[in-house]
file data29.cif (mmCIF, C-alpha atoms)
data_entry
#
loop_
_atom_site.label_atom_id
_atom_site.label_comp_id
_atom_site.auth_asym_id
_atom_site.auth_seq_id
_atom_site.Cartn_x
_atom_site.Cartn_y
_atom_site.Cartn_z
CA MET H 1 0.00 0.00 0.00
CA ARG H 2 1.05 3.55 -0.68
CA LEU H 3 1.27 6.24 2.01
CA THR H 4 2.29 9.88 2.18
CA VAL H 5 4.48 11.22 4.97
CA ARG H 6 4.46 14.95 5.64
CA PRO H 7 7.41 16.17 7.75
CA PHE H 8 7.05 19.40 9.74
CA ALA H 9 9.39 22.10 11.07
CA GLN H 10 13.10 21.21 10.92
CA LEU H 11 12.27 17.70 9.68
CA ARG H 12 11.07 19.27 6.44
CA GLU H 13 14.44 20.96 6.07
CA ARG H 14 16.36 17.84 7.04
CA LEU H 15 14.52 15.78 4.45
CA GLY H 16 14.45 18.58 1.88
CA THR H 17 10.83 17.92 0.96
CA GLU H 18 7.26 18.63 2.05
CA ALA H 19 6.00 15.13 1.31
CA LEU H 20 7.43 11.63 0.90
CA GLU H 21 5.72 8.69 -0.80
CA LEU H 22 6.31 5.30 0.84
CA GLU H 23 5.38 1.76 -0.13
CA LEU H 24 4.49 -0.54 2.78
CA PRO H 25 2.94 -4.02 3.01
CA ALA H 26 -0.80 -4.04 3.72
CA GLY H 27 -1.60 -3.94 7.44
CA ALA H 28 1.70 -2.27 8.37
CA THR H 29 1.84 -0.42 11.71
CA ALA H 30 3.10 3.03 12.62
CA ALA H 31 6.21 1.41 14.17
CA GLU H 32 6.95 -0.32 10.85
CA LEU H 33 6.47 2.92 8.95
CA LEU H 34 8.93 4.61 11.28
CA GLU H 35 11.50 1.83 10.85
CA LEU H 36 11.30 2.08 7.06
CA LEU H 37 11.53 5.85 7.20
CA LEU H 38 14.60 5.75 9.47
CA ALA H 39 16.26 3.19 7.18
CA GLU H 40 15.64 5.27 4.05
CA GLN H 41 16.31 8.68 5.60
CA PRO H 42 19.50 8.74 7.70
CA ALA H 43 18.93 12.47 8.37
CA LEU H 44 16.09 11.43 10.70
CA ALA H 45 18.33 9.26 12.88
CA PRO H 46 18.84 11.79 15.71
CA PHE H 47 15.03 11.98 16.07
CA ARG H 48 14.49 8.21 16.33
CA GLU H 49 12.88 8.47 19.79
CA SER H 50 11.59 12.02 19.40
CA LEU H 51 8.94 11.78 16.68
CA LEU H 52 5.20 12.23 16.92
CA LEU H 53 3.19 10.55 14.18
CA ALA H 54 -0.35 11.74 13.55
CA ARG H 55 -3.03 10.81 11.03
CA GLY H 56 -5.53 13.63 10.72
CA THR H 57 -6.79 14.41 14.21
CA GLU H 58 -5.45 11.18 15.71
CA MET H 59 -2.06 10.47 17.29
CA LEU H 60 -0.57 7.20 16.10
CA GLU H 61 0.79 4.73 18.64
CA PRO H 62 3.47 2.21 17.64
CA GLY H 63 0.83 -0.49 17.11
CA SER H 64 -1.65 1.66 15.14
CA VAL H 65 -2.51 -0.02 11.82
CA LEU H 66 -2.15 2.08 8.69
CA ALA H 67 -4.27 1.99 5.54
CA GLU H 68 -3.76 2.60 1.83
CA GLY H 69 -3.71 6.31 1.03
CA ASP H 70 -3.07 7.48 4.63
CA THR H 71 -1.23 10.75 5.12
CA VAL H 72 0.97 10.64 8.20
CA ALA H 73 2.29 13.89 9.69
CA LEU H 74 5.68 13.76 11.37
CA TYR H 75 6.47 16.26 14.14
CA PRO H 76 9.61 16.83 16.21
CA PRO H 77 9.41 18.39 19.69
CA PHE H 78 9.74 22.18 19.59
CA SER H 79 12.02 23.87 22.08
CA GLY H 80 11.49 27.59 21.50
CA GLY H 81 9.60 29.88 23.82
CA MET K 1 -5.63 14.58 40.15
CA VAL K 2 -5.42 18.02 41.73
CA LEU K 3 -8.49 20.05 40.95
CA PRO K 4 -9.27 23.55 42.13
CA HIS K 5 -12.20 22.50 44.30
CA ARG K 6 -11.54 25.44 46.55
CA THR K 7 -13.51 28.58 45.88
CA ALA K 8 -13.21 32.12 47.17
CA VAL K 9 -15.75 34.84 47.94
CA LEU K 10 -15.95 37.75 45.50
CA PRO K 11 -16.57 41.32 46.72
CA ASP K 12 -18.87 43.60 44.65
CA SER K 13 -15.93 45.35 42.98
CA GLU K 14 -14.82 42.02 41.55
CA LEU K 15 -18.33 41.17 40.36
CA ARG K 16 -18.13 44.35 38.29
CA ARG K 17 -14.61 43.62 37.14
CA TYR K 18 -15.43 40.10 35.91
CA ALA K 19 -18.94 40.89 34.63
CA ARG K 20 -18.11 39.47 31.18
CA HIS K 21 -17.04 36.18 32.72
CA LEU K 22 -20.09 36.01 34.97
CA MET K 23 -22.35 36.17 31.89
CA LEU K 24 -20.45 33.39 30.17
CA PRO K 25 -22.22 30.00 29.99
CA GLY K 26 -20.26 27.47 32.03
CA ALA K 27 -18.18 30.09 33.86
CA GLY K 28 -20.42 32.29 35.99
CA LEU K 29 -19.91 33.17 39.63
CA GLU K 30 -18.81 29.68 40.60
CA GLY K 31 -16.22 29.62 37.84
CA GLN K 32 -14.88 33.02 38.83
CA GLN K 33 -14.57 31.86 42.43
CA ARG K 34 -12.61 28.85 41.19
CA LEU K 35 -10.23 31.15 39.30
CA LYS K 36 -9.71 33.30 42.40
CA ALA K 37 -8.89 30.22 44.48
CA ALA K 38 -6.51 28.76 41.87
CA ARG K 39 -2.72 28.66 42.15
CA VAL K 40 -0.90 28.61 38.80
CA LEU K 41 2.82 28.35 38.12
CA VAL K 42 4.17 29.97 34.95
CA VAL K 43 7.63 28.63 34.14
CA GLY K 44 9.56 30.99 31.88
CA MET K 45 8.55 34.63 31.34
CA GLY K 46 9.50 34.94 27.69
CA GLY K 47 7.44 35.00 24.52
CA LEU K 48 4.94 32.44 25.82
CA GLY K 49 4.90 33.23 29.54
CA CYS K 50 4.23 36.96 29.04
CA PRO K 51 0.91 36.70 27.16
CA ALA K 52 -0.16 33.62 29.12
CA ALA K 53 0.46 35.32 32.48
CA GLN K 54 -1.23 38.54 31.31
CA TYR K 55 -4.46 36.72 30.43
CA LEU K 56 -4.37 34.65 33.61
CA ALA K 57 -3.85 37.76 35.72
CA ALA K 58 -6.55 39.69 33.87
CA ALA K 59 -8.95 36.75 34.26
CA GLY K 60 -8.50 36.81 38.04
CA VAL K 61 -6.43 33.70 38.74
CA GLY K 62 -5.86 34.31 42.45
CA ARG K 63 -2.25 33.25 42.80
CA LEU K 64 0.35 33.36 40.08
CA THR K 65 3.93 32.26 40.58
CA LEU K 66 6.35 33.40 37.88
CA ILE K 67 9.71 31.67 37.66
CA ASP K 68 12.60 32.84 35.47
CA ASP K 69 16.13 34.03 36.23
CA ASP K 70 16.70 35.96 33.01
CA LEU K 71 17.06 39.70 32.53
CA VAL K 72 15.06 41.62 29.93
CA GLU K 73 17.15 42.02 26.78
CA LEU K 74 16.58 44.41 23.90
CA SER K 75 16.15 41.44 21.55
CA ASN K 76 13.21 40.21 23.69
CA LEU K 77 11.04 43.25 22.98
CA GLN K 78 9.96 42.15 19.48
CA ARG K 79 7.95 39.30 21.01
CA GLN K 80 7.55 40.12 24.72
CA PRO K 81 5.58 43.39 24.73
CA LEU K 82 4.89 43.09 28.48
CA TYR K 83 8.36 44.64 28.80
CA THR K 84 9.42 48.08 27.58
CA GLU K 85 12.72 49.73 26.71
CA VAL K 86 13.26 51.03 30.26
CA ASP K 87 13.12 47.43 31.56
CA VAL K 88 16.19 46.25 29.64
CA GLY K 89 18.67 44.85 32.17
CA GLN K 90 16.00 44.26 34.84
CA LEU K 91 14.86 40.85 36.10
CA LYS K 92 11.98 39.62 33.97
CA VAL K 93 9.94 38.24 36.86
CA GLU K 94 10.28 41.48 38.83
CA VAL K 95 9.12 43.64 35.94
CA ALA K 96 6.36 41.18 35.00
CA ALA K 97 5.09 40.93 38.59
CA ALA K 98 4.88 44.72 38.87
CA ARG K 99 2.97 45.00 35.57
CA LEU K 100 0.58 42.19 36.44
CA ARG K 101 -0.13 43.66 39.88
CA ALA K 102 -0.85 46.99 38.20
CA LEU K 103 -3.21 45.17 35.85
CA ASN K 104 -5.00 43.36 38.67
CA SER K 105 -4.43 44.34 42.31
CA THR K 106 -6.89 41.69 43.55
CA ILE K 107 -4.53 38.79 42.77
CA ARG K 108 -1.22 37.70 44.30
CA VAL K 109 1.80 37.51 42.06
CA GLU K 110 4.95 35.83 43.33
CA PRO K 111 8.16 36.34 41.31
CA LEU K 112 10.82 33.64 41.73
CA VAL K 113 14.32 34.39 40.46
CA GLU K 114 15.13 30.75 39.91
CA ARG K 115 15.37 28.02 37.36
CA ILE K 116 13.45 24.82 37.35
CA THR K 117 15.77 22.04 38.54
CA ALA K 118 15.56 18.37 39.40
CA ALA K 119 15.79 19.44 43.05
CA ASN K 120 12.86 21.88 43.04
CA VAL K 121 10.47 20.78 40.29
CA LEU K 122 8.34 18.40 42.36
CA GLU K 123 7.80 20.80 45.22
CA LEU K 124 7.11 23.72 42.89
CA ALA K 125 4.53 21.67 41.00
CA ARG K 126 2.85 20.44 44.18
CA LEU K 127 2.39 24.00 45.46
CA HIS K 128 0.16 24.73 42.45
CA ASP K 129 -3.05 23.48 40.83
CA LEU K 130 -1.76 23.86 37.28
CA VAL K 131 1.59 24.50 35.59
CA LEU K 132 2.29 26.35 32.33
CA ASP K 133 5.44 25.53 30.40
CA GLY K 134 6.83 28.64 28.72
CA THR K 135 10.49 27.59 28.86
CA ASP K 136 12.92 27.83 25.98
CA SER K 137 14.92 24.60 26.11
CA LEU K 138 14.11 20.95 25.62
CA SER K 139 15.93 19.97 28.82
CA ALA K 140 13.65 22.28 30.84
CA ARG K 141 10.59 21.00 28.98
CA TYR K 142 11.35 17.34 29.69
CA LEU K 143 12.23 18.12 33.31
CA LEU K 144 8.99 20.05 33.81
CA ALA K 145 6.88 17.39 32.09
CA ASP K 146 8.47 14.66 34.23
CA GLY K 147 8.08 16.71 37.40
CA CYS K 148 4.42 17.57 36.77
CA HIS K 149 3.52 13.98 35.96
CA LEU K 150 5.35 12.63 39.01
CA ALA K 151 3.77 15.29 41.23
CA GLY K 152 0.31 14.60 39.78
CA VAL K 153 -0.22 18.18 38.61
CA PRO K 154 -1.69 18.97 35.16
CA LEU K 155 0.52 20.78 32.66
CA VAL K 156 -0.27 23.10 29.76
CA HIS K 157 2.68 22.94 27.40
CA ALA K 158 3.51 25.40 24.63
CA ALA K 159 6.53 25.55 22.33
CA LEU K 160 7.37 27.01 18.98
CA ARG K 161 9.74 27.01 16.08
CA ARG K 162 9.71 29.87 13.59
CA PHE K 163 6.11 30.06 12.30
CA GLU K 164 4.93 26.81 13.87
CA GLY K 165 3.83 25.96 17.37
CA GLN K 166 2.54 23.24 19.68
CA VAL K 167 0.17 23.69 22.61
CA ALA K 168 -0.79 20.65 24.66
CA LEU K 169 -2.92 19.87 27.69
CA PHE K 170 -1.58 17.01 29.80
CA PRO K 171 -3.97 16.14 32.64
CA SER K 172 -2.33 14.44 35.61
CA GLY K 173 -2.13 10.67 35.13
CA GLY K 174 -1.31 10.84 31.42
CA PRO K 175 -1.06 10.91 28.48
CA CYS K 176 2.12 12.92 29.04
CA TYR K 177 4.73 14.76 26.98
CA ARG K 178 6.82 11.61 26.70
CA CYS K 179 3.89 9.77 25.09
CA LEU K 180 4.41 12.22 22.21
CA PHE K 181 8.18 12.47 22.25
CA PRO K 182 9.61 9.64 24.41
CA ARG K 183 13.16 11.00 24.59
CA PRO K 184 14.79 14.27 23.55
CA PRO K 185 16.92 14.35 20.41
CA PRO K 186 20.64 15.00 21.00
CA PRO K 187 21.36 18.67 21.85
CA GLU K 188 23.33 19.31 18.66
CA VAL K 189 20.19 19.04 16.49
CA VAL K 190 18.00 21.19 18.74
CA GLU K 191 17.51 24.86 17.92
CA ASP K 192 16.14 27.65 20.08
CA CYS K 193 14.60 31.01 19.18
CA ALA K 194 18.05 32.57 19.01
CA THR K 195 19.18 30.16 16.28
CA ALA K 196 15.90 29.40 14.50
CA GLY K 197 14.33 32.85 14.63
CA VAL K 198 10.76 33.69 15.60
CA LEU K 199 8.08 36.15 14.50
CA GLY K 200 6.71 37.84 17.62
CA ALA K 201 3.02 37.29 16.97
CA VAL K 202 3.54 33.50 16.88
CA PRO K 203 4.43 33.16 20.59
CA GLY K 204 1.75 35.78 21.29
CA LEU K 205 -0.85 33.49 19.74
CA LEU K 206 0.55 30.36 21.39
CA GLY K 207 0.77 31.96 24.84
CA SER K 208 -2.83 33.12 24.47
CA LEU K 209 -3.91 29.60 23.44
CA GLN K 210 -2.04 28.28 26.45
CA ALA K 211 -3.90 30.72 28.72
CA LEU K 212 -7.19 29.66 27.11
CA GLU K 213 -6.50 25.97 27.78
CA ALA K 214 -5.48 26.82 31.36
CA LEU K 215 -8.57 28.93 32.04
CA LYS K 216 -10.92 26.27 30.61
CA TRP K 217 -9.24 23.67 32.82
CA LEU K 218 -9.61 25.85 35.94
CA LEU K 219 -13.19 26.84 35.09
CA ARG K 220 -13.99 23.20 34.32
CA ILE K 221 -15.52 24.02 30.96
CA GLY K 222 -14.82 22.10 27.76
CA SER K 223 -13.11 18.75 27.32
CA ARG K 224 -10.66 17.55 29.97
CA GLU K 225 -9.03 15.06 27.59
CA ALA K 226 -5.35 15.38 26.67
CA ARG K 227 -4.93 17.19 23.38
CA LEU K 228 -2.34 18.77 21.14
CA LEU K 229 -2.98 21.89 19.09
CA LEU K 230 -0.63 22.37 16.16
CA LEU K 231 -0.36 25.91 14.85
CA ASP K 232 0.95 26.60 11.38
CA GLY K 233 1.33 30.35 11.42
CA LEU K 234 2.25 30.56 7.72
CA ALA K 235 -0.76 28.58 6.55
CA GLY K 236 -2.97 30.13 9.24
CA THR K 237 -4.28 26.83 10.56
CA VAL K 238 -4.69 25.15 13.94
CA GLN K 239 -4.99 21.36 13.90
CA ARG K 240 -6.21 19.49 16.96
CA VAL K 241 -4.83 16.02 17.67
CA ALA K 242 -6.35 13.76 20.32
CA LEU K 243 -3.57 12.22 22.43
CA ALA K 244 -3.24 8.59 23.42
CA GLN K 245 -1.38 7.14 26.39
CA ARG K 246 1.43 4.97 25.07
CA ALA K 247 1.84 1.60 26.78
CA ASP K 248 5.63 1.91 26.25
CA CYS K 249 5.86 5.50 27.55
CA PRO K 250 8.99 5.74 29.75
CA LEU K 251 7.16 8.08 32.16
CA CYS K 252 3.46 7.08 32.32
CA GLY K 253 3.45 3.70 30.51
CA GLU K 254 2.99 0.22 31.90
CA SER K 255 6.56 -0.16 33.16
CA PRO K 256 7.96 3.36 33.54
CA THR K 257 11.74 3.81 33.67
CA ILE K 258 11.61 7.46 34.78
CA THR K 259 10.59 7.61 38.42
CA THR K 260 12.38 10.74 39.66
CA PRO K 261 13.12 14.05 37.92
CA THR K 262 16.63 14.35 36.55
CA GLY K 263 18.38 17.40 35.17
CA GLU K 264 21.29 19.72 35.55
CA LEU K 265 22.45 20.68 39.02
CA LEU K 266 21.37 23.86 40.68
CA ALA K 267 23.67 26.76 39.87
CA CYS K 268 24.13 29.33 42.62
CA ARG K 269 22.66 32.82 42.39
CA PRO K 270 22.65 35.99 44.52
CA GLY K 271 21.06 35.43 47.92
CA GLU K 272 21.85 31.74 47.81
CA LEU K 273 24.23 29.72 49.89
CA ALA K 274 25.55 26.57 48.22
CA PRO K 275 25.10 23.47 50.39
CA GLY K 276 28.85 22.86 50.27
CA GLU K 277 29.47 26.25 51.94
CA LEU K 278 27.07 25.71 54.84
CA GLN K 279 29.51 24.08 57.26
CA ALA K 280 32.10 26.83 56.84
CA ALA K 281 29.41 29.49 57.37
CA LEU K 282 28.15 27.84 60.56
CA GLU K 283 31.68 27.45 61.94
CA GLY K 284 32.74 30.98 60.97
CA PRO K 285 33.15 33.96 63.35
CA ALA K 286 29.54 35.19 62.82
CA PRO K 287 27.41 32.12 62.14
CA PRO K 288 24.00 32.85 60.62
CA LEU K 289 20.80 31.96 62.47
CA LEU K 290 19.17 29.01 60.73
CA VAL K 291 15.48 29.60 59.97
CA ASP K 292 13.69 26.30 59.33
CA LEU K 293 10.61 27.00 57.21
CA ARG K 294 9.37 23.43 57.16
CA GLU K 295 6.36 21.85 58.82
CA PRO K 296 6.74 20.22 62.25
CA TRP K 297 6.55 16.69 60.78
CA GLU K 298 9.49 17.39 58.49
CA ARG K 299 11.60 18.43 61.47
CA LYS K 300 11.12 14.99 62.95
CA LEU K 301 12.90 13.47 59.95
CA VAL K 302 16.08 15.53 59.92
CA LEU K 303 17.45 18.90 61.08
CA ILE K 304 20.49 20.96 60.24
CA PRO K 305 22.45 21.26 63.51
CA GLY K 306 23.14 24.79 64.70
CA GLU K 307 21.45 27.71 66.37
CA GLU K 308 18.03 27.87 64.82
CA LEU K 309 14.49 29.17 64.79
CA HIS K 310 11.46 27.24 63.54
CA LEU K 311 9.02 29.33 61.53
CA PRO K 312 6.78 27.34 59.16
CA PHE K 313 6.56 28.99 55.72
CA LYS K 314 2.77 29.33 55.95
CA GLN K 315 3.13 31.49 59.09
CA LEU K 316 5.92 33.70 57.76
CA ALA K 317 3.69 36.64 56.81
CA LYS K 318 2.15 36.80 60.33
CA ARG K 319 5.26 36.04 62.36
CA GLN K 320 7.93 37.89 60.38
CA ALA K 321 8.53 40.29 63.30
CA GLU K 322 9.90 37.39 65.37
CA LEU K 323 13.00 37.22 63.21
CA PRO K 324 15.87 38.91 65.08
CA ARG K 325 17.21 41.99 63.30
CA GLU K 326 20.78 41.77 64.57
CA ARG K 327 21.55 38.35 63.11
CA GLU K 328 22.23 37.19 59.58
CA LEU K 329 19.45 34.80 58.61
CA LEU K 330 19.85 31.60 56.62
CA LEU K 331 16.48 30.29 55.44
CA TYR K 332 16.04 26.66 54.57
CA CYS K 333 13.37 24.13 53.67
CA ARG K 334 13.30 20.73 51.99
CA THR K 335 14.34 21.62 48.42
CA GLY K 336 14.91 25.38 48.37
CA VAL K 337 11.53 26.39 46.94
CA ARG K 338 9.82 27.67 50.08
CA SER K 339 13.04 29.31 51.23
CA ALA K 340 13.40 31.14 47.89
CA MET K 341 9.82 32.39 48.23
CA ALA K 342 10.42 33.41 51.84
CA LEU K 343 13.57 35.27 50.82
CA ARG K 344 11.53 37.27 48.31
CA GLN K 345 8.97 38.13 50.99
CA LEU K 346 11.66 39.28 53.42
CA GLN K 347 13.40 41.35 50.75
CA GLN K 348 10.13 43.06 49.91
CA GLY K 349 9.86 44.00 53.57
CA GLY K 350 13.37 45.45 53.46
CA ARG K 351 15.08 42.52 55.19
CA GLU K 352 18.25 40.90 53.92
CA ALA K 353 18.85 37.18 54.26
CA ARG K 354 20.17 34.19 52.35
CA HIS K 355 18.62 30.84 51.59
CA LEU K 356 20.09 27.39 51.25
CA ALA K 357 20.11 26.40 47.56
CA GLY K 358 18.51 23.01 47.04
CA GLY K 359 17.36 22.89 50.66
CA ILE K 360 18.23 20.32 53.29
CA ASN K 361 18.10 17.57 50.68
CA ALA K 362 20.97 19.14 48.74
CA TRP K 363 22.93 19.55 52.00
CA LEU K 364 22.31 15.87 52.88
CA ARG K 365 23.55 14.86 49.44
CA GLU K 366 26.59 17.12 49.81
CA THR K 367 27.48 15.82 53.28
CA GLY K 368 27.17 12.13 52.43
CA GLN K 369 23.86 11.43 54.20
CA PRO K 370 21.67 10.51 51.20
CA GLU K 371 19.69 8.02 53.30
CA LEU K 372 18.08 10.95 55.12
CA ILE K 373 16.82 12.65 51.94
CA TYR K 374 13.04 12.78 51.83
#
call {"tool": "encode", "arguments": {"input": "data29.cif", "output": "structure tokens"}}
result
Amino acid sequence: MRLTVRPFAQLRERLGTEALELELPAGATAAELLELLLAEQPALAPFRESLLLARGTEMLEPGSVLAEGDTVALYPPFSGG
Amino acid sequence: MVLPHRTAVLPDSELRRYARHLMLPGAGLEGQQRLKAARVLVVGMGGLGCPAAQYLAAAGVGRLTLIDDDLVELSNLQRQPLYTEVDVGQLKVEVAAARLRALNSTIRVEPLVERITAANVLELARLHDLVLDGTDSLSARYLLADGCHLAGVPLVHAALRRFEGQVALFPSGGPCYRCLFPRPPPPEVVEDCATAGVLGAVPGLLGSLQALEALKWLLRIGSREARLLLLDGLAGTVQRVALAQRADCPLCGESPTITTPTGELLACRPGELAPGELQAALEGPAPPLLVDLREPWERKLVLIPGEELHLPFKQLAKRQAELPRERELLLYCRTGVRSAMALRQLQQGGREARHLAGGINAWLRETGQPELIY
């Protein structure tokens, strides 16, 4: 199945794009998406344990099951105040 | 969960002042009384803390504690309009407290010239009903999130990066900040406002959103579920994300690995005595009089030996006259929070004193008696 990942804030700059297309086996979970993403995008490595994944208005947990055509937003923690 | 169950009576002048709240469905007189009885801690008086504290003060939150040890800088003024050009070089919390008292003389505003540390975060959180995170570093944000969760006090988080921002409500019990971002990225990839840049209206909007979430929580109107609001200031959108408690969360999950706050050690500031210097001070030619601000039950656990006076922090305002004028005073408590507040009170009354940084716990750690730490 095909999914779109939208990185935000400095992740967008690290990846140099506003959207990534990924191919995953049907029934893949958010944890599997993250593993694939980290394998394909070494620039994300420092954020391995610091990424929030969200689908629409819902936060994804590691075990959340993804579906064909999902758009997953990827957020880092912000530090500024 | 700590809820502001307490309420306070409102005189007629305050009924007039808060008339627009009293008409509001869900708020009303009872809600206003809840606000007056509430104690809120604002950590960081920068771009987020300024607007958040202004709206909380204006709304009549009865007790506000502001904590920050920074001075107002010229480069702050583009996003912190609570301060003006004449304030440059002054302590932020002092200037902010004066402005907020001028805005609303019916509330109490307590400025604390401190930083949040592993030693003080739990006690600071426990002294309040709600905490607002307006800090400017990830280490402070994780420390505060850990401390609030461990103390069982709800947290309203806000943070930004250039045109984007995050505001989150974390009720006590979870989901927590670490459900979103389990561990911080390494420091070398983290930016702050100084390196990333920020447009002033963005923190203004986020701090106002933070105040809105805080006021709804205190008034008990709207949802009490954990949520994240994502602001994209360039696109002009706010997206709401419902938060889930992660089973593998290191702080609030099924087998948590974080059970105490950790962070950098307390750095010493004016008016503070480092725990390592206490012995020399007490054995010197003019030893200070120890003033123990703790409750009687705490004194049963451990005391600092020396000439001392017991004056519980809660009675300080009434019994301040009992403090001898001819002696140097050294205030202490468990972690240095109450003593820092007491020091401020004494200084406002024209008294000089010092307080023990990190409290008796830091002294116990320093003197090799960790088993007595409580």
call {"tool": "resolve_selection", "arguments": {"input": "data29.cif", "expression": "the PyMOL selection byres ((chain H) within 6 of (chain K))", "output": "list in words"}}
result
Pro46, Phe47, Glu49, Ser50, Leu51, Leu52, Thr57, Glu58, Met59, Phe78, Ser79, Gly80 and Gly81 of chain H
call {"tool": "resolve_selection", "arguments": {"input": "data29.cif", "expression": "the PyMOL selection byres ((chain H and resi 2) around 9)", "output": "PyMOL selection string"}}
result
chain H and resi 1+3-4+21-26+67-70
call {"tool": "residues_around", "arguments": {"input": "data29.cif", "residues": "Asn120 in chain K", "least_positions_apart": "2", "cutoff": "8 Å", "atoms": "all atoms listed in the file", "output": "PyMOL selection string"}}
result
chain K and resi 116-118+122-124+335-337+358
call {"tool": "residues_around", "arguments": {"input": "data29.cif", "residues": "Leu53 in chain H", "least_positions_apart": "5", "cutoff": "8 Å", "atoms": "all atoms listed in the file", "output": "PyMOL selection string"}}
result
chain H and resi 30+59-61+72-75
call {"tool": "write_last_selection", "arguments": {"input": "data29.cif", "atoms": "C-alpha atoms", "output": "mmCIF file, keeping the file's coordinate frame"}}
result
data_model
loop_
_atom_site.group_PDB
_atom_site.id
_atom_site.type_symbol
_atom_site.label_atom_id
_atom_site.label_comp_id
_atom_site.auth_asym_id
_atom_site.auth_seq_id
_atom_site.Cartn_x
_atom_site.Cartn_y
_atom_site.Cartn_z
ATOM 1 C CA ALA H 30 3.100 3.030 12.620
ATOM 2 C CA MET H 59 -2.060 10.470 17.290
ATOM 3 C CA LEU H 60 -0.570 7.200 16.100
ATOM 4 C CA GLU H 61 0.790 4.730 18.640
ATOM 5 C CA VAL H 72 0.970 10.640 8.200
ATOM 6 C CA ALA H 73 2.290 13.890 9.690
ATOM 7 C CA LEU H 74 5.680 13.760 11.370
ATOM 8 C CA TYR H 75 6.470 16.260 14.140
#
call {"tool": "resolve_selection", "arguments": {"input": "data29.cif", "expression": "the PyMOL selection byres ((chain K and resi 27) around 12)", "output": "list of chain:residue names"}}
result
K:Tyr18, K:Ala19, K:Arg20, K:His21, K:Leu22, K:Met23, K:Leu24, K:Pro25, K:Gly26, K:Gly28, K:Leu29, K:Glu30, K:Gly31, K:Gln32, K:Gln33, K:Arg34, K:Leu35, K:Ala59, K:Leu215, K:Lys216, K:Trp217, K:Leu218, K:Leu219, K:Arg220, K:Ile221, K:Gly222
call {"tool": "residues_around", "arguments": {"input": "data29.cif", "residues": "range 66-73 of chain K", "least_positions_apart": "6", "cutoff": "9 Å", "atoms": "all atoms listed in the file", "output": "ChimeraX atom specification"}}
result
/K:40-46,49,53,83-85,87-93,95-97,109-116,135
call {"tool": "closest_residue", "arguments": {"input": "data29.cif", "among": "K:Pro288, K:Pro81, K:Gly200, K:Pro171", "to": "Leu150 in chain K", "atoms": "only C-alpha atoms"}}
result
K:Pro171
call {"tool": "atom_distance", "arguments": {"input": "data29.cif", "atom1": "CA of Arg327 in chain K", "atom2": "CA of Leu293 in chain K"}}
result
16.8 Å
call {"tool": "residues_around", "arguments": {"input": "data29.cif", "residues": "Leu34 in chain H", "least_positions_apart": "3", "cutoff": "9 Å", "atoms": "all atoms listed in the file", "output": "short mmCIF file (atom, residue, chain, number, x, y, z; two decimals) with C-alpha atoms, in the coordinates of the input"}}
result
data_model
loop_
_atom_site.label_atom_id
_atom_site.label_comp_id
_atom_site.auth_asym_id
_atom_site.auth_seq_id
_atom_site.Cartn_x
_atom_site.Cartn_y
_atom_site.Cartn_z
CA THR H 29 1.84 -0.42 11.71
CA ALA H 30 3.10 3.03 12.62
CA ALA H 31 6.21 1.41 14.17
CA LEU H 37 11.53 5.85 7.20
CA LEU H 38 14.60 5.75 9.47
CA ALA H 39 16.26 3.19 7.18
CA ARG H 48 14.49 8.21 16.33
CA LEU H 51 8.94 11.78 16.68
CA LEU H 53 3.19 10.55 14.18
CA PRO H 62 3.47 2.21 17.64
#
call {"tool": "closest_residue", "arguments": {"input": "data29.cif", "among": "H:Pro76, H:Pro42, H:Leu66, H:Arg55", "to": "Gln10 in chain H", "atoms": "all atoms listed in the file"}}
result
H:Pro76
call {"tool": "closest_residue", "arguments": {"input": "data29.cif", "among": "K:Arg224, K:Arg126, K:Arg351, K:Arg16", "to": "Gln320 in chain K", "atoms": "all atoms listed in the file"}}
result
K:Arg351
call {"tool": "atom_distance", "arguments": {"input": "data29.cif", "atom1": "CA of Pro77 in chain H", "atom2": "CA of Leu144 in chain K"}}
result
14.2 Å
call {"tool": "atom_distance", "arguments": {"input": "data29.cif", "atom1": "CA of Val65 in chain H", "atom2": "CA of Ala28 in chain H"}}
result
5.9 Å
call {"tool": "build_atoms", "arguments": {"input": "data29.cif", "residues": "range 47-53 of chain K", "atoms": "N, CA and C atoms", "output": "compact mmCIF listing (two decimals), in the coordinates of the input"}}
result
# COMPACT_ATOMS: atom_id res chain seq x y z
N GLY K 47 8.47 34.77 25.53
CA GLY K 47 7.44 35.00 24.52
C GLY K 47 6.12 34.32 24.82
N LEU K 48 6.17 33.17 25.48
CA LEU K 48 4.94 32.44 25.82
C LEU K 48 4.41 32.88 27.19
N GLY K 49 5.31 32.94 28.16
CA GLY K 49 4.90 33.23 29.54
C GLY K 49 4.28 34.61 29.68
N CYS K 50 4.78 35.60 28.92
CA CYS K 50 4.23 36.96 29.04
C CYS K 50 2.74 37.00 28.69
N PRO K 51 2.35 36.62 27.46
CA PRO K 51 0.91 36.70 27.16
C PRO K 51 0.09 35.76 28.02
N ALA K 52 0.61 34.57 28.31
CA ALA K 52 -0.16 33.62 29.12
C ALA K 52 -0.43 34.22 30.50
N ALA K 53 0.62 34.76 31.13
CA ALA K 53 0.46 35.32 32.48
C ALA K 53 -0.45 36.55 32.46
